[in-house]
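Containing PDB, C-alpha atoms: target-v3.pdb.
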```
ATOM      1  CA  TYR A 161     -29.944 -11.593   6.277
ATOM      2  CA  PRO A 162     -31.032 -14.013   8.974
ATOM      3  CA  PHE A 163     -30.083 -17.025   6.820
ATOM      4  CA  GLY A 164     -27.217 -17.961   4.560
ATOM      5  CA  GLU A 165     -23.936 -16.174   4.052
ATOM      6  CA  VAL A 166     -23.121 -12.810   2.609
ATOM      7  CA  HIS A 167     -19.720 -12.524   0.984
ATOM      8  CA  LEU A 168     -18.539  -8.975   0.657
ATOM      9  CA  MET A 169     -15.629  -8.574  -1.706
ATOM     10  CA  LYS A 170     -13.561  -5.939   0.026
ATOM     11  CA  ASP A 171     -11.830  -3.739  -2.499
ATOM     12  CA  THR A 172     -10.543  -0.932  -0.323
ATOM     13  CA  TYR A 173      -7.739  -0.664   2.214
ATOM     14  CA  GLN A 174      -6.570   1.856   4.792
ATOM     15  CA  THR A 175      -3.128   3.417   4.736
ATOM     16  CA  ILE A 176      -1.540   6.779   5.534
ATOM     17  CA  ALA A 177      -1.352   9.719   3.143
ATOM     18  CA  ALA A 178       2.179  10.895   3.953
ATOM     19  CA  PRO A 179       4.990  10.560   6.517
ATOM     20  CA  ASN A 180       4.014  12.083   9.870
ATOM     21  CA  GLU A 181       5.754  14.767  11.834
ATOM     22  CA  PRO A 182       7.696  12.705  14.423
ATOM     23  CA  VAL A 183       6.056  12.355  17.827
ATOM     24  CA  LEU A 184       7.928  12.102  21.118
ATOM     25  CA  PHE A 185       6.985   9.860  24.035
ATOM     26  CA  LYS A 186       9.094  10.033  27.218
ATOM     27  CA  GLU A 187       9.364   7.371  29.893
ATOM     28  CA  LYS A 188      11.885   7.520  32.781
ATOM     29  CA  ASN A 189      14.189   9.843  30.803
ATOM     30  CA  SER A 190      14.178   7.528  27.765
ATOM     31  CA  LYS A 191      12.932   9.236  24.620
ATOM     32  CA  PHE A 192      10.885   7.351  22.035
ATOM     33  CA  PHE A 193      10.468   9.097  18.675
ATOM     34  CA  GLY A 194       7.633   7.667  16.561
ATOM     35  CA  TYR A 195       7.653   7.888  12.756
ATOM     36  CA  THR A 196       5.218   6.621  10.120
ATOM     37  CA  PHE A 197       5.937   6.229   6.391
ATOM     38  CA  PRO A 198       3.682   5.067   3.539
ATOM     39  CA  ILE A 199       5.582   2.338   1.633
ATOM     40  CA  SER A 200       4.784  -0.064  -1.193
ATOM     41  CA  SER A 201       7.843  -2.353  -1.151
ATOM     42  CA  GLU A 202      10.275  -3.873   1.351
ATOM     43  CA  GLU A 203      13.198  -2.232  -0.486
ATOM     44  CA  GLU A 204      12.076   1.138   0.883
ATOM     45  CA  VAL A 205      12.615   0.155   4.524
ATOM     46  CA  LYS A 206      16.415   0.064   4.796
ATOM     47  CA  PRO A 207      17.089   3.522   3.286
ATOM     48  CA  ILE A 208      14.519   5.056   5.668
ATOM     49  CA  ILE A 209      16.210   3.434   8.694
ATOM     50  CA  GLU A 210      19.590   4.752   7.448
ATOM     51  CA  ILE A 211      18.200   8.306   7.273
ATOM     52  CA  LEU A 212      16.833   8.022  10.828
ATOM     53  CA  LYS A 213      20.205   6.758  12.075
ATOM     54  CA  LYS A 214      21.819   9.906  10.680
ATOM     55  CA  GLU A 215      19.081  12.012  12.249
ATOM     56  CA  HIS A 216      19.457  10.370  15.675
ATOM     57  CA  PRO A 217      23.143   9.340  15.924
ATOM     58  CA  HIS A 218      22.904   8.981  19.733
ATOM     59  CA  ALA A 219      19.974   6.559  19.690
ATOM     60  CA  VAL A 220      20.561   2.932  20.700
ATOM     61  CA  HIS A 221      17.553   1.229  19.104
ATOM     62  CA  TYR A 222      15.731   1.792  15.805
ATOM     63  CA  CYS A 223      12.805  -0.598  16.177
ATOM     64  CA  TYR A 224      10.206  -0.964  13.485
ATOM     65  CA  ALA A 225       7.332  -2.900  11.972
ATOM     66  CA  TYR A 226       5.747  -2.786   8.556
ATOM     67  CA  GLN A 227       2.964  -4.341   6.545
ATOM     68  CA  ILE A 228       2.658  -4.291   2.757
ATOM     69  CA  GLY A 229      -0.076  -5.623   0.484
ATOM     70  CA  THR A 230      -3.828  -6.093   0.373
ATOM     71  CA  GLU A 231      -4.904  -9.624  -0.561
ATOM     72  CA  THR A 232      -1.436 -11.048   0.042
ATOM     73  CA  VAL A 233       0.282  -9.418   2.982
ATOM     74  CA  VAL A 234       3.970  -9.170   3.847
ATOM     75  CA  PHE A 235       4.908  -7.986   7.328
ATOM     76  CA  ARG A 236       7.884  -7.814   9.639
ATOM     77  CA  ALA A 237       8.564  -6.720  13.217
ATOM     78  CA  ASN A 238      12.127  -5.898  14.307
ATOM     79  CA  ASP A 239      13.237  -5.427  17.951
ATOM     80  CA  ASP A 240      16.694  -4.082  16.974
ATOM     81  CA  GLY A 241      18.437  -5.318  20.117
ATOM     82  CA  GLU A 242      15.599  -4.779  22.596
ATOM     83  CA  PRO A 243      14.441  -7.903  24.503
ATOM     84  CA  SER A 244      12.508 -10.251  22.222
ATOM     85  CA  ASN A 245       8.965  -9.101  21.355
ATOM     86  CA  THR A 246       9.142  -5.913  23.448
ATOM     87  CA  ALA A 247       9.409  -3.456  20.533
ATOM     88  CA  GLY A 248       8.652  -4.659  16.987
ATOM     89  CA  THR A 249       5.646  -6.744  18.036
ATOM     90  CA  PRO A 250       3.857  -3.973  19.989
ATOM     91  CA  ILE A 251       4.516  -1.600  17.054
ATOM     92  CA  TYR A 252       3.052  -4.154  14.625
ATOM     93  CA  GLY A 253       0.104  -4.604  16.984
ATOM     94  CA  GLN A 254      -0.802  -0.949  16.410
ATOM     95  CA  ILE A 255      -0.673  -1.375  12.621
ATOM     96  CA  GLN A 256      -3.163  -4.229  13.022
ATOM     97  CA  SER A 257      -5.247  -2.390  15.572
ATOM     98  CA  TYR A 258      -5.808   0.522  13.176
ATOM     99  CA  GLY A 259      -6.306  -1.852  10.220
ATOM    100  CA  LEU A 260      -3.515  -0.312   8.147
ATOM    101  CA  THR A 261      -1.314  -1.635   5.358
ATOM    102  CA  ASN A 262       1.445  -0.260   3.099
ATOM    103  CA  ILE A 263       2.913   1.389   6.175
ATOM    104  CA  LEU A 264       6.221   1.408   8.048
ATOM    105  CA  ILE A 265       6.404   2.578  11.667
ATOM    106  CA  VAL A 266       9.800   3.234  13.222
ATOM    107  CA  VAL A 267      10.306   4.040  16.899
ATOM    108  CA  VAL A 268      13.754   5.432  17.699
ATOM    109  CA  ARG A 269      14.817   5.097  21.350
ATOM    110  CA  ILE A 270      17.347   7.298  23.093
ATOM    111  CA  PHE A 271      18.216   5.611  26.401
ATOM    112  CA  GLY A 272      17.748   7.760  29.494
ATOM    113  CA  GLY A 273      19.783   5.749  31.986
ATOM    114  CA  THR A 274      16.929   3.847  33.673
ATOM    115  CA  LYS A 275      15.869   0.396  32.523
ATOM    116  CA  LEU A 276      12.143   0.108  31.871
ATOM    117  CA  GLY A 277      11.722  -3.650  32.163
ATOM    118  CA  VAL A 278       9.810  -5.815  29.689
ATOM    119  CA  GLY A 279       6.363  -4.413  30.535
ATOM    120  CA  GLY A 280       7.614  -0.835  30.436
ATOM    121  CA  LEU A 281       9.242  -1.335  27.047
ATOM    122  CA  ILE A 282       6.128  -2.926  25.521
ATOM    123  CA  THR A 283       3.974  -0.020  26.744
ATOM    124  CA  ALA A 284       6.455   2.617  25.563
ATOM    125  CA  TYR A 285       6.852   1.205  22.042
ATOM    126  CA  LYS A 286       3.115   0.599  21.721
ATOM    127  CA  THR A 287       2.328   4.159  22.857
ATOM    128  CA  ALA A 288       4.918   5.769  20.568
ATOM    129  CA  ALA A 289       3.534   3.790  17.600
ATOM    130  CA  GLN A 290      -0.050   4.733  18.503
ATOM    131  CA  LEU A 291       0.825   8.441  18.811
ATOM    132  CA  ALA A 292       2.653   8.297  15.461
ATOM    133  CA  ILE A 293      -0.428   6.802  13.753
ATOM    134  CA  GLU A 294      -2.692   9.384  15.385
ATOM    135  CA  ALA A 295      -0.411  12.136  14.048
ATOM    136  CA  SER A 296      -0.832  10.734  10.510
ATOM    137  CA  GLU A 297      -3.648  11.212   8.032
ATOM    138  CA  ILE A 298      -5.359   7.860   7.443
ATOM    139  CA  VAL A 299      -6.829   7.466   3.954
ATOM    140  CA  GLU A 300      -8.909   4.792   2.250
ATOM    141  CA  LYS A 301      -7.699   3.596  -1.144
ATOM    142  CA  THR A 302      -9.244   1.197  -3.631
ATOM    143  CA  ILE A 303      -7.658  -2.097  -4.644
ATOM    144  CA  ASP A 304      -7.256  -1.731  -8.390
ATOM    145  CA  VAL A 305      -6.978  -4.262 -11.200
ATOM    146  CA  PHE A 306      -4.798  -3.399 -14.212
ATOM    147  CA  PHE A 307      -5.466  -4.703 -17.711
ATOM    148  CA  GLU A 308      -4.440  -4.050 -21.301
ATOM    149  CA  ILE A 309      -6.840  -3.632 -24.216
ATOM    150  CA  THR A 310      -5.511  -4.291 -27.742
ATOM    151  CA  PHE A 311      -7.568  -3.261 -30.766
ATOM    152  CA  ASP A 312      -7.452  -2.263 -34.430
ATOM    153  CA  TYR A 313      -7.319   1.474 -34.815
ATOM    154  CA  LYS A 314     -10.755   1.484 -36.500
ATOM    155  CA  ASN A 315     -12.264   0.289 -33.190
ATOM    156  CA  MET A 316     -10.697   3.114 -31.180
ATOM    157  CA  ASN A 317     -14.013   4.954 -30.668
ATOM    158  CA  LYS A 318     -15.771   1.820 -29.390
ATOM    159  CA  VAL A 319     -13.011   1.256 -26.842
ATOM    160  CA  MET A 320     -12.872   4.880 -25.738
ATOM    161  CA  ARG A 321     -16.657   4.976 -25.275
ATOM    162  CA  VAL A 322     -16.515   2.126 -22.739
ATOM    163  CA  ILE A 323     -13.514   3.677 -20.998
ATOM    164  CA  LYS A 324     -15.441   6.931 -20.608
ATOM    165  CA  GLU A 325     -18.754   5.323 -19.594
ATOM    166  CA  LYS A 326     -17.173   3.059 -16.992
ATOM    167  CA  GLN A 327     -14.773   5.777 -15.795
ATOM    168  CA  LEU A 328     -11.676   3.671 -16.290
ATOM    169  CA  GLN A 329      -8.352   5.271 -15.545
ATOM    170  CA  ILE A 330      -5.895   5.175 -18.455
ATOM    171  CA  VAL A 331      -2.403   4.339 -17.201
ATOM    172  CA  ASN A 332      -0.653   4.111 -20.545
ATOM    173  CA  GLN A 333      -1.562   4.142 -24.230
ATOM    174  CA  GLU A 334       0.415   3.555 -27.402
ATOM    175  CA  MET A 335      -0.047   2.918 -31.097
ATOM    176  CA  GLU A 336       2.023   0.547 -33.202
ATOM    177  CA  ILE A 337       1.927  -0.720 -36.779
ATOM    178  CA  ASP A 338       0.984  -4.373 -37.279
ATOM    179  CA  ALA A 339       3.853  -6.050 -39.165
ATOM    180  CA  GLU A 340       1.489  -8.289 -41.187
ATOM    181  CA  THR A 341      -1.330  -5.909 -42.123
ATOM    182  CA  ASN A 342       0.612  -2.653 -41.959
ATOM    183  CA  LEU A 343      -2.379  -1.171 -40.108
ATOM    184  CA  PRO A 344      -2.226   0.721 -36.811
ATOM    185  CA  ILE A 345      -3.000  -1.159 -33.601
ATOM    186  CA  GLY A 346      -3.876   0.522 -30.337
ATOM    187  CA  LYS A 347      -2.882  -0.627 -26.864
ATOM    188  CA  ILE A 348      -4.351   0.961 -23.767
ATOM    189  CA  GLU A 349      -3.511  -0.013 -20.216
ATOM    190  CA  CYS A 350      -6.302   0.812 -17.768
ATOM    191  CA  CYS A 351      -7.016   0.345 -14.126
ATOM    192  CA  ILE A 352     -10.319  -0.074 -12.371
ATOM    193  CA  ARG A 353     -11.351  -0.819  -8.822
ATOM    194  CA  LYS A 354     -11.544  -4.536  -8.156
ATOM    195  CA  LYS A 355     -15.293  -4.856  -7.604
ATOM    196  CA  ASN A 356     -16.043  -3.541 -11.124
ATOM    197  CA  ALA A 357     -13.256  -5.409 -12.909
ATOM    198  CA  GLU A 358     -15.197  -8.549 -13.846
ATOM    199  CA  MET A 359     -18.057  -6.578 -15.355
ATOM    200  CA  VAL A 360     -15.728  -4.368 -17.435
ATOM    201  CA  PHE A 361     -13.703  -7.394 -18.491
ATOM    202  CA  GLY A 362     -16.878  -9.030 -19.768
ATOM    203  CA  ILE A 363     -17.832  -5.966 -21.850
ATOM    204  CA  PHE A 364     -14.497  -5.916 -23.681
ATOM    205  CA  GLU A 365     -14.341  -9.712 -24.085
ATOM    206  CA  ASN A 366     -17.697  -9.640 -25.885
ATOM    207  CA  MET A 367     -16.598  -6.924 -28.283
ATOM    208  CA  PHE A 368     -15.579  -8.034 -31.760
ATOM    209  CA  GLU A 369     -11.890  -7.589 -32.744
ATOM    210  CA  ILE A 370     -10.858  -6.415 -29.280
ATOM    211  CA  GLN A 371      -8.541  -8.334 -26.924
ATOM    212  CA  ILE A 372      -8.245  -7.736 -23.221
ATOM    213  CA  GLU A 373      -5.798  -9.278 -20.789
ATOM    214  CA  LYS A 374      -5.147  -8.801 -17.112
ATOM    215  CA  LYS A 375      -1.776  -7.405 -16.116
ATOM    216  CA  ILE A 376      -0.070  -9.253 -13.294
TER     217      ILE A 376
END
```
Would you give me this structure, written as structure tokens?
Amino acid sequence: YPFGEVHLMKDTYQTIAAPNEPVLFKEKNSKFFGYTFPISSEEEVKPIIEILKKEHPHAVHYCYAYQIGTETVVFRANDDGEPSNTAGTPIYGQIQSYGLTNILIVVVRIFGGTKLGVGGLITAYKTAAQLAIEASEIVEKTIDVFFEITFDYKNMNKVMRVIKEKQLQIVNQEMEIDAETNLPIGKIECCIRKKNAEMVFGIFENMFEIQIEKKI
């Protein structure tokens, strides 16, 4: 495309499949243990740090960085007592460098008696974070849109046909009795990858006696 603009709607993101086996980086007798964890909310961070404190009771610093989200991103970098920007920021830099999200990286430092200086600390935390990522399995996931389809029971087959054709994933389904008509009503919650959502939405919106709404 030599002219004009091409807008690609990105609907995938990179994250890690599972927590890694901890990696160890040594520098002047200081030990830096690098951990990665897949997370989906900030509430998960504190309990993980608490577990690592129990695992390494002699450590002096539990520095970390995380990023959560796809279109809207939440991130934090924590130096945990190290000089400002020498630990959390280099760890977060590695999350960005590998293009990851929904990830927490913690680097636990056990002091070895020799100060490393600002440059030494930045390199050590960056390297421990990098090694931890490299020890993890990176996976690509789709950004999904969730929506709920409501329909009279007699239209069940029509709805299910579209769900099957478009390979929608059913998250939840239930039947209830309409208080006014005394007839059964179906509700199905589905999810679909973002790039196909508008098209699928349009199909259901144009179907008679079927309501569809996006779940927030």
Residues returned when the PyMOL selection byres ((chain A and resi 345-362) around 6) runs on this file, as JSON, numbers by chain: {"A": [171, 302, 303, 304, 305, 306, 307, 308, 309, 310, 311, 312, 313, 328, 329, 330, 331, 332, 333, 334, 335, 336, 337, 344, 363, 364, 365]}
Atom-to-atom span, CA of Val266 in chain A and CA of Ala225 in chain A, Å: 6.7 Å
Pairwise distance for CA of Val299 in chain A and CA of Asp240 in chain A, rounded to one decimal in Å: 29.3 Å
Residues around (-3.7, 9.7, 2.8), cut-off 8 Å, counting all atoms listed in the file - what are they as a short mmCIF file (atom, residue, chain, number, x, y, z; two decimals) with C-alpha atoms, in the coordinates of the input?
```cif
data_model
loop_
_atom_site.label_atom_id
_atom_site.label_comp_id
_atom_site.auth_asym_id
_atom_site.auth_seq_id
_atom_site.Cartn_x
_atom_site.Cartn_y
_atom_site.Cartn_z
CA THR A 175 -3.13 3.42 4.74
CA ILE A 176 -1.54 6.78 5.53
CA ALA A 177 -1.35 9.72 3.14
CA ALA A 178 2.18 10.90 3.95
CA GLU A 297 -3.65 11.21 8.03
CA ILE A 298 -5.36 7.86 7.44
CA VAL A 299 -6.83 7.47 3.95
CA GLU A 300 -8.91 4.79 2.25
#
```
How big is the axis-aligned box around all listed atoms of range 196-206 of chain A once 3 Å goes on each side, and where's its centre, in Å to one decimal, as AutoDock Vina command-line options?
```
--center_x 10.0 --center_y 1.4 --center_z 4.5 --size_x 18.7 --size_y 16.5 --size_z 17.3
```
d(CA of Leu260 in chain A, CA of Glu215 in chain A) in Å: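 CA of Glu215 in chain A lies at a distance of 26.1 Å from CA of Leu260 in chain A.
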Non-local contacts of Pro198 in chain A (10 Å; all atoms listed in the file; under 5 positions in same chain excluded) as number ranges by chain: A: 175-180, 204, 226-228, 261-265
Closest of A:Tyr258, A:Gly248, A:Ile372, A:Glu325 to Ser296 in chain A - atom-to-atom distances counting only C-alpha atoms: A:Tyr258
Exercise: Thr249 in chain A partners within 8 Å, all atoms listed in the file, chain neighbours under 4 positions left out, as a PyMOL selection string: chain A and resi 225+237-239+245+253
Quick one: write out the picked residues with C-alpha atoms as a PDB file, in the frame of the given file?
```
ATOM      1  CA  ALA A 225       7.332  -2.900  11.972  1.00  0.00           C
ATOM      2  CA  ALA A 237       8.564  -6.720  13.217  1.00  0.00           C
ATOM      3  CA  ASN A 238      12.127  -5.898  14.307  1.00  0.00           C
ATOM      4  CA  ASP A 239      13.237  -5.427  17.951  1.00  0.00           C
ATOM      5  CA  ASN A 245       8.965  -9.101  21.355  1.00  0.00           C
ATOM      6  CA  GLY A 253       0.104  -4.604  16.984  1.00  0.00           C
TER       7      GLY A 253
END
```
Among listed residues A:Ala284, A:Glu203, A:Thr196, A:Phe271, nearest Val220 in chain A (using only C-alpha atoms): A:Phe271
Proximity to Ala289 in chain A - best of A:Asn342, A:Gln254, A:Gln371, A:Ser190, only C-alpha atoms: A:Gln254
Which of A:Lys324, A:Arg269, A:Lys275, A:Lys214 sits closest to Val183 in chain A [using all atoms listed in the file]: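 Answer, going by the shortest atom-to-atom distance: A:Arg269.
The closest residue to Tyr252 in chain A, picked from A:Thr230, A:Val278, A:Ala288, A:His221 and counting only C-alpha atoms, is A:Ala288.
The nearest approach to Lys170 in chain A among the residues A:Glu210, A:Glu373, A:Glu340, A:Glu231, with all atoms listed in the file taken into account, belongs to A:Glu231.
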Explicit residues for the PyMOL selection byres ((chain A and resi 173) around 6) (as a PyMOL selection string): chain A and resi 172+174+300-301
Selection: 12 Å around Glu181 in chain A, all atoms listed in the file, excl. self and same-chain fewer than 6 positions, as a PyMOL selection string: chain A and resi 193-197+291-297
Neighbour residues at most 10 Å from (14.8, 2.8, 36.3) (all atoms listed in the file) as an NGL selection string: :A and (187-190 or 272-277 or 280)
